[in-house]
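Enquirer: Below is a structure I'd like to ask you about.
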Amino acid sequence: MTKAPPEFDYAPAPAETGPSILRARYGLFSGGAWCEAAGGVFATIDPATEKPLSEIARASAEDVERAVRAARRGYDKYWRKLRPVERVKHLFRFTRAVGERAGELALVQTLDAGTPIRHSREHDVPQTLATLFAYAGWADKLAWTVRAGERTRPLGVVAAFGAGPAPALEAACALGPVLASGNAAVYVPSEEAPLAALVLAQAALDADLPPGVLSVLTGDARTRTALLEDEGVDAVALRGPRSQCVAIAQALAGSSKRGVLRPDASGVVIVCDDAPLDQAIEGVVNAVWLERGPFAPAAARLFVQESVFPEVLERLEERLATIRQGDPLDENTDRGPLLSRARRESVEAYVRAAVEAGACEIRCSAASTHERGFWYPPTVLRDAGPAVRDGLEPCAPALPVFTFRTAVEALERVAAAGRSGSAGIWTSSGQTAVFFAERLSAESVWCNAYERYDASAYAAGAAALRAYLHT
Amino acid sequence: MPGPPARVDAVTLEARAAVLFSRAVRGPARVAGQALVRACLDLTTLEGADTPETVRAVCLRARAGGVAAVCVYPSLVPAAREALRGGEVRLAAVAGAFPSGLSDLEVKVADVRAALAAGADEIDVVIDRGAFLSGRYAAVAAQLAALRAACAGATFKVIVEAGELGSYSALRRACDLALAAGADFIKTSTGKSATSTTPAIALAMCDALRAHRRATGRCAGLKLSGGIRSASAALGYLSLVKESLGDEWLQPARLRFGASRLLDDLAASA
């Protein structure tokens, strides 16, 4: 065996985009038809290259008013009057129409949001469809979401805002419950990645969803403000950054509009000394750097039991070097760019502050050779204590790591580091998992996993629907 | 082994293995990958009906195909040795009460010695699952140590028969035992069990090899065998090894594919 073995490396494997996947220009989807905006246009750009992808309409206050009036008409004239079982048929038909466009939706999301194509195809788009199907099935079973004797009257016109990172799934999670509970929806996708929602709008047109039942208005903060102030809107929904939720809550205070607001809270991963370590490392990498769920931002803090801390840190560093960050359209890419320049700047600011406060920065160097685009290498921050105490919200892909000695101490430190929305506990002991699950304040706790959702789970679905009903 | 046995989480292991196994390998990568698989192939014939003539035919194909080794039963080692003389293809023999591993240690050691005396370069033994599954880990370790000693100078491959161990944690424990006993290769399967090699099994074994290197500095090899018939599957495993263990494992000294029919598919899809 003296001969050198042949070299083996993956050749580029770009997904085929075809010439016509994107339109040069997208209008507003309002009153069941595409229309021009009075507010002009803006360009949506590819976060991997900063190249403009398409011209997007900017909805002005006037456009918003027209869309809300059309939504109200759609609600009063068609949607409210339909028997629930007929609404189910419409929603299944709409979902199937989205399914017909699954390939397009995956590509569009990858181009517009930088989600690796494999993740778009194998995770986000199937989850999008599963979510829409699950909610469609609820539309004639609303009585099961409330207590006996309670009513299930829809609110009317609901304005829902997207927050960005997983545009397709996010739109499905927002629109699914709004439409299934019998409301008309006016959806405003994040201006950072508006295209996926426009594909859903086209699917609504394909499926002959009654006009006005679903509108998609692209735009910016002014568009959202116009909706907040519009008399015809009965409720406003956002699952997104805490600051935006607070602003909406303040704007709605004293009005008759309902706010359905779910502020993001960052997540934690806790690795105990009896964890299956090989998988725990993978779990951390997934939770922090590869997944970007619509439900919570990626996990933003890591707590490791002291006895395994050096090994975990060293192996995490090794693993970071093998993350395949690059062209989102390549089928072998596991990590794409951040969504926008603003997001990259906020990560940079956070890392700078943490380093100034004494944190030691470990970054994966292989992944930052791009000239343009909103790239940021996966980064680990050691000894980041003071920065976190100063109240800075950590943000992926910069991960501060902390140690603990006992489970009780872990609880204290997790609590001291701020609110957490979800937690992943890595341990082989059921007892330890239950200990954490019972005591952490997180909304969801996973054992040996992070951010796994079943679109058909009863509790989440029912609660989301109830939020859009007069009970 | 210091510390408690390593534990493995099946869900995450299988998910990660599925990602690595289905990498897109296209164009020049496919050609290079297939050449590498061929160079790492242990062309195997382990039929009860093998004869000196069939083994000779396999050896000729092996030489023509430029594979790493031929793998045969001990009694056919002389015929194979004769057919491989003067070439670069190595000769491996399964020994030590293959495929059950259920014999007295003296019988197994004698089997190994006989195969080596007849001219084998490499020995594939299977662990005693009877002892392993009944919790006699020390006995398994002692047997492997004795067999390792009998193989001094030859490449010593230990088959863990992953499909019969019941869990990935048990598989990991068997791999750790074999590596601690000095195995040059750990090997997935005899090819005679219902489940032989899956992406998740391969990945769990890669993790064991990496842990062994961390602990001892020694790089042992991985042999994947049983049910790998298509070039595509082999390329999937190649990607998996590449990403979990690194490029330095992509060579015949550290990676082997044990298969009887894979060479045909490599030739067909070349």
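By order in the structure tokens, chains are A, B, ...; within a chain, residues start at 1; ligands start at 1, following the order shown.
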Please, which residues in chain B fall within 10 Å of chain A when counting only C-alpha atoms, and what is the closest atom pair and distance in Å to one decimal for each, ordered by chain then residue number, as CSV?
Expert:
residue,atom,partner,partner_atom,distance
B:Pro4,CA,A:Asp274,CA,8.8
B:Pro5,CA,A:Asp274,CA,9.9
B:Ala6,CA,A:Pro276,CA,6.8
B:Arg7,CA,A:Pro276,CA,4.7
B:Val8,CA,A:Pro276,CA,4.9
B:Asp9,CA,A:Pro276,CA,5.9
B:Ala10,CA,A:Gln279,CA,8.6
B:Val11,CA,A:Ala449,CA,8.6
B:Thr12,CA,A:Gln279,CA,5.9
B:Leu13,CA,A:Gln279,CA,6.2
B:Glu14,CA,A:Gln279,CA,9.8
B:Ala15,CA,A:Glu282,CA,9.9
B:Arg16,CA,A:Glu282,CA,7.8
B:Val19,CA,A:Asn332,CA,9.2
B:Leu20,CA,A:Asn332,CA,9.1
B:Ser22,CA,A:Asn332,CA,9.0
B:Arg23,CA,A:Asn332,CA,5.9
B:Ala24,CA,A:Asn332,CA,6.2
B:Val25,CA,A:Tyr10,CA,5.6
B:Arg26,CA,A:Ala11,CA,6.1
B:Gly27,CA,A:Ala11,CA,6.8
B:Pro28,CA,A:Ala11,CA,6.6
B:Ala29,CA,A:Ala11,CA,5.3
B:Arg30,CA,A:Tyr10,CA,8.1
B:Val31,CA,A:Phe8,CA,9.0
B:Ala32,CA,A:Phe8,CA,5.7
B:Gly33,CA,A:Phe8,CA,5.6
B:Gln34,CA,A:Phe8,CA,9.2
B:Ala35,CA,A:Pro6,CA,6.7
B:Leu36,CA,A:Pro6,CA,5.6
B:Val37,CA,A:Pro6,CA,9.4
B:Ala39,CA,A:Pro5,CA,7.3
B:Cys40,CA,A:Pro5,CA,8.9
B:Ala68,CA,A:Met1,CA,8.0
B:Glu88,CA,A:Met1,CA,7.5
B:Val89,CA,A:Met1,CA,8.9
B:Arg90,CA,A:Met1,CA,9.3
B:Ser169,CA,A:Pro276,CA,9.0
B:Ala204,CA,A:Asp278,CA,8.8
B:Asp207,CA,A:Asp278,CA,7.0
B:Ala208,CA,A:Asp278,CA,9.4
B:Ala211,CA,A:Asp278,CA,9.3
B:Arg214,CA,A:Glu311,CA,9.9
B:Leu238,CA,A:Phe8,CA,8.8
B:Ser239,CA,A:Tyr10,CA,8.4
B:Lys242,CA,A:Phe8,CA,8.5
B:Glu243,CA,A:Thr322,CA,7.2
B:Ser244,CA,A:Thr322,CA,8.7
B:Gly246,CA,A:Thr322,CA,9.0
B:Asp247,CA,A:Phe8,CA,8.0
B:Leu250,CA,A:Pro5,CA,7.5
B:Gln251,CA,A:Pro5,CA,5.6
B:Pro252,CA,A:Met1,CA,7.4
B:Ala253,CA,A:Met1,CA,7.6
Enquirer: Using DSSP on the backbone coordinates, identify the residues of region 44-110 of chain A assigned to helix (DSSP H, G or I); present them as a PyMOL selection string.
Expert: chain A and resi 61-79+84-100+102-110
Enquirer: Residues within 10 Å of Trp375 (chain A), please, as a PDB file with N, CA and C atoms, in the first residue's frame. Count only C-alpha atoms; anything in the same chain fewer than 5 positions from it doesn't count.
Expert:
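The resulting out-v8.pdb:
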ATOM      1  N   PRO A  47     -28.890  37.097   0.668  1.00  0.00           N
ATOM      2  CA  PRO A  47     -27.965  37.386   1.776  1.00  0.00           C
ATOM      3  C   PRO A  47     -26.592  36.722   1.588  1.00  0.00           C
ATOM      4  N   ALA A  48     -26.511  35.757   0.669  1.00  0.00           N
ATOM      5  CA  ALA A  48     -25.226  35.098   0.451  1.00  0.00           C
ATOM      6  C   ALA A  48     -24.299  35.935  -0.424  1.00  0.00           C
ATOM      7  N   THR A  49     -24.897  36.754  -1.300  1.00  0.00           N
ATOM      8  CA  THR A  49     -24.084  37.494  -2.261  1.00  0.00           C
ATOM      9  C   THR A  49     -24.361  38.995  -2.269  1.00  0.00           C
ATOM     10  N   GLN A 325     -20.184  25.503   5.912  1.00  0.00           N
ATOM     11  CA  GLN A 325     -20.831  26.794   5.681  1.00  0.00           C
ATOM     12  C   GLN A 325     -20.478  27.243   4.276  1.00  0.00           C
ATOM     13  N   GLY A 326     -21.467  27.684   3.527  1.00  0.00           N
ATOM     14  CA  GLY A 326     -21.173  28.132   2.172  1.00  0.00           C
ATOM     15  C   GLY A 326     -22.437  28.373   1.374  1.00  0.00           C
ATOM     16  N   ARG A 335     -24.798  25.187   6.511  1.00  0.00           N
ATOM     17  CA  ARG A 335     -25.030  26.484   7.143  1.00  0.00           C
ATOM     18  C   ARG A 335     -24.854  27.600   6.121  1.00  0.00           C
ATOM     19  N   GLY A 336     -25.815  28.493   6.072  1.00  0.00           N
ATOM     20  CA  GLY A 336     -25.764  29.604   5.138  1.00  0.00           C
ATOM     21  C   GLY A 336     -25.407  30.890   5.855  1.00  0.00           C
ATOM     22  N   PRO A 337     -25.653  32.027   5.197  1.00  0.00           N
ATOM     23  CA  PRO A 337     -25.356  33.322   5.805  1.00  0.00           C
ATOM     24  C   PRO A 337     -26.450  33.728   6.789  1.00  0.00           C
ATOM     25  N   LEU A 338     -26.222  34.815   7.507  1.00  0.00           N
ATOM     26  CA  LEU A 338     -27.292  35.424   8.294  1.00  0.00           C
ATOM     27  C   LEU A 338     -28.247  36.121   7.345  1.00  0.00           C
ATOM     28  N   LEU A 339     -29.385  36.534   7.886  1.00  0.00           N
ATOM     29  CA  LEU A 339     -30.448  37.034   7.037  1.00  0.00           C
ATOM     30  C   LEU A 339     -30.167  38.434   6.496  1.00  0.00           C
ATOM     31  N   SER A 340     -29.468  39.247   7.267  1.00  0.00           N
ATOM     32  CA  SER A 340     -29.329  40.641   6.847  1.00  0.00           C
ATOM     33  C   SER A 340     -28.077  41.262   7.460  1.00  0.00           C
ATOM     34  N   ARG A 341     -27.706  42.397   6.911  1.00  0.00           N
ATOM     35  CA  ARG A 341     -26.570  43.147   7.437  1.00  0.00           C
ATOM     36  C   ARG A 341     -26.821  43.532   8.900  1.00  0.00           C
ATOM     37  N   ARG A 343     -28.526  42.028  11.139  1.00  0.00           N
ATOM     38  CA  ARG A 343     -28.341  40.902  12.048  1.00  0.00           C
ATOM     39  C   ARG A 343     -26.861  40.627  12.266  1.00  0.00           C
ATOM     40  N   ARG A 344     -26.095  40.741  11.193  1.00  0.00           N
ATOM     41  CA  ARG A 344     -24.659  40.509  11.371  1.00  0.00           C
ATOM     42  C   ARG A 344     -24.074  41.572  12.291  1.00  0.00           C
ATOM     43  N   ALA A 367     -14.854  29.182   7.826  1.00  0.00           N
ATOM     44  CA  ALA A 367     -16.134  29.505   7.210  1.00  0.00           C
ATOM     45  C   ALA A 367     -16.320  30.987   6.913  1.00  0.00           C
ATOM     46  N   SER A 368     -15.253  31.767   6.850  1.00  0.00           N
ATOM     47  CA  SER A 368     -15.490  33.206   6.703  1.00  0.00           C
ATOM     48  C   SER A 368     -14.671  33.809   5.570  1.00  0.00           C
ATOM     49  N   THR A 369     -14.665  33.132   4.435  1.00  0.00           N
ATOM     50  CA  THR A 369     -13.823  33.593   3.345  1.00  0.00           C
ATOM     51  C   THR A 369     -14.609  34.307   2.256  1.00  0.00           C
ATOM     52  N   HIS A 370     -15.837  34.696   2.570  1.00  0.00           N
ATOM     53  CA  HIS A 370     -16.659  35.322   1.540  1.00  0.00           C
ATOM     54  C   HIS A 370     -16.404  36.826   1.496  1.00  0.00           C
TER      55      HIS A 370
END
Enquirer: Could you give me, as an MDAnalysis selection string, the residues within 7 Å of Ala183 (chain B), counting only C-alpha atoms and dropping anything in the same chain fewer than 2 positions from it?
Expert: chainID B and resid 156:158 178:179 181 185:186
Enquirer: Write down as a PyMOL selection string the residues of region 210-261 of chain B whose backbone DSSP state falls under strand (DSSP E or B).
Expert: chain B and resi 221-225+255-259
Enquirer: With a distance cut-off of 9 Å and only C-alpha atoms, select the neighbouring residues of Arg69 (chain A), excluding the residue or stretch itself and same-chain residues fewer than 4 positions from it, and output the selection as a PyMOL selection string.
Expert: chain A and resi 31+64-65+73-74+212+232
Enquirer: In Å to one decimal, how far is CA of Tyr78 (chain A) from CA of Thr152 (chain A)?
Expert: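 Interatomic distance, CA of Thr152 (chain A) to CA of Tyr78 (chain A): 17.4 Å.
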Enquirer: CA of Arg72 (chain A) to CA of Ala160 (chain A): how many Å, to one decimal?
Expert: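 Answer for the CA of Arg72 (chain A) to CA of Ala160 (chain A) separation: 14.8 Å.
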Enquirer: If you count only C-alpha atoms, which residues fall within 12 Å of Glu191 (chain A), apart from same-chain ones fewer than 2 positions away, as JSON, numbers by chain?
Expert: {"A": [41, 42, 43, 44, 45, 55, 56, 57, 58, 59, 112, 113, 161, 162, 163, 164, 165, 167, 187, 188, 189, 193, 194, 195, 196, 197, 198, 217, 218, 219, 220, 221, 222, 223, 224, 339, 340]}
Enquirer: Can you pull out every residue within 10 Å of Gly103 (chain A), counting only C-alpha atoms, but drop anything in the same chain fewer than 3 positions away, and send it as a CSV table (one decimal) with N, CA, C and O atoms, in the first residue's frame?
Expert:
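Saved the output as around.csv:
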chain,number,residue,atom,x,y,z
A,17,THR,N,-31.9,25.9,-10.4
A,17,THR,CA,-32.9,27.0,-10.1
A,17,THR,C,-33.8,27.3,-11.3
A,17,THR,O,-34.9,27.7,-11.1
A,21,ILE,N,-37.6,31.0,-11.9
A,21,ILE,CA,-38.1,30.7,-10.5
A,21,ILE,C,-38.5,32.0,-9.8
A,21,ILE,O,-39.5,32.0,-9.0
A,98,VAL,N,-50.1,24.9,-2.1
A,98,VAL,CA,-48.7,25.2,-1.6
A,98,VAL,C,-47.8,24.0,-1.9
A,98,VAL,O,-46.7,24.2,-2.4
A,99,GLY,N,-48.4,22.8,-1.7
A,99,GLY,CA,-47.6,21.6,-2.0
A,99,GLY,C,-47.2,21.5,-3.4
A,99,GLY,O,-46.1,21.0,-3.7
A,100,GLU,N,-48.1,21.9,-4.3
A,100,GLU,CA,-47.7,21.9,-5.7
A,100,GLU,C,-46.5,22.8,-6.0
A,100,GLU,O,-45.7,22.6,-6.9
A,106,ALA,N,-39.1,26.0,-1.7
A,106,ALA,CA,-37.8,25.7,-1.1
A,106,ALA,C,-36.7,26.6,-1.7
A,106,ALA,O,-35.9,27.2,-1.0
A,107,LEU,N,-36.7,26.7,-3.0
A,107,LEU,CA,-35.7,27.5,-3.7
A,107,LEU,C,-35.8,28.9,-3.4
A,107,LEU,O,-34.8,29.6,-3.2
A,108,VAL,N,-37.0,29.4,-3.4
A,108,VAL,CA,-37.2,30.9,-3.1
A,108,VAL,C,-36.7,31.2,-1.7
A,108,VAL,O,-36.1,32.2,-1.5
A,120,SER,N,-34.1,23.6,3.5
A,120,SER,CA,-35.4,24.1,3.0
A,120,SER,C,-36.3,23.0,2.5
A,120,SER,O,-37.4,22.9,2.8
A,121,ARG,N,-35.6,22.1,1.7
A,121,ARG,CA,-36.4,21.0,1.1
A,121,ARG,C,-36.8,19.9,2.1
A,121,ARG,O,-37.9,19.4,2.0
A,125,VAL,N,-39.9,23.2,4.3
A,125,VAL,CA,-41.1,23.1,3.4
A,125,VAL,C,-42.0,22.0,3.8
A,125,VAL,O,-43.3,22.2,4.0
Enquirer: Between A:Leu111, A:Ala407, A:Leu313, A:Leu214, which is the closest to Ala70 (chain A) once you count only C-alpha atoms?
Expert: A:Leu214
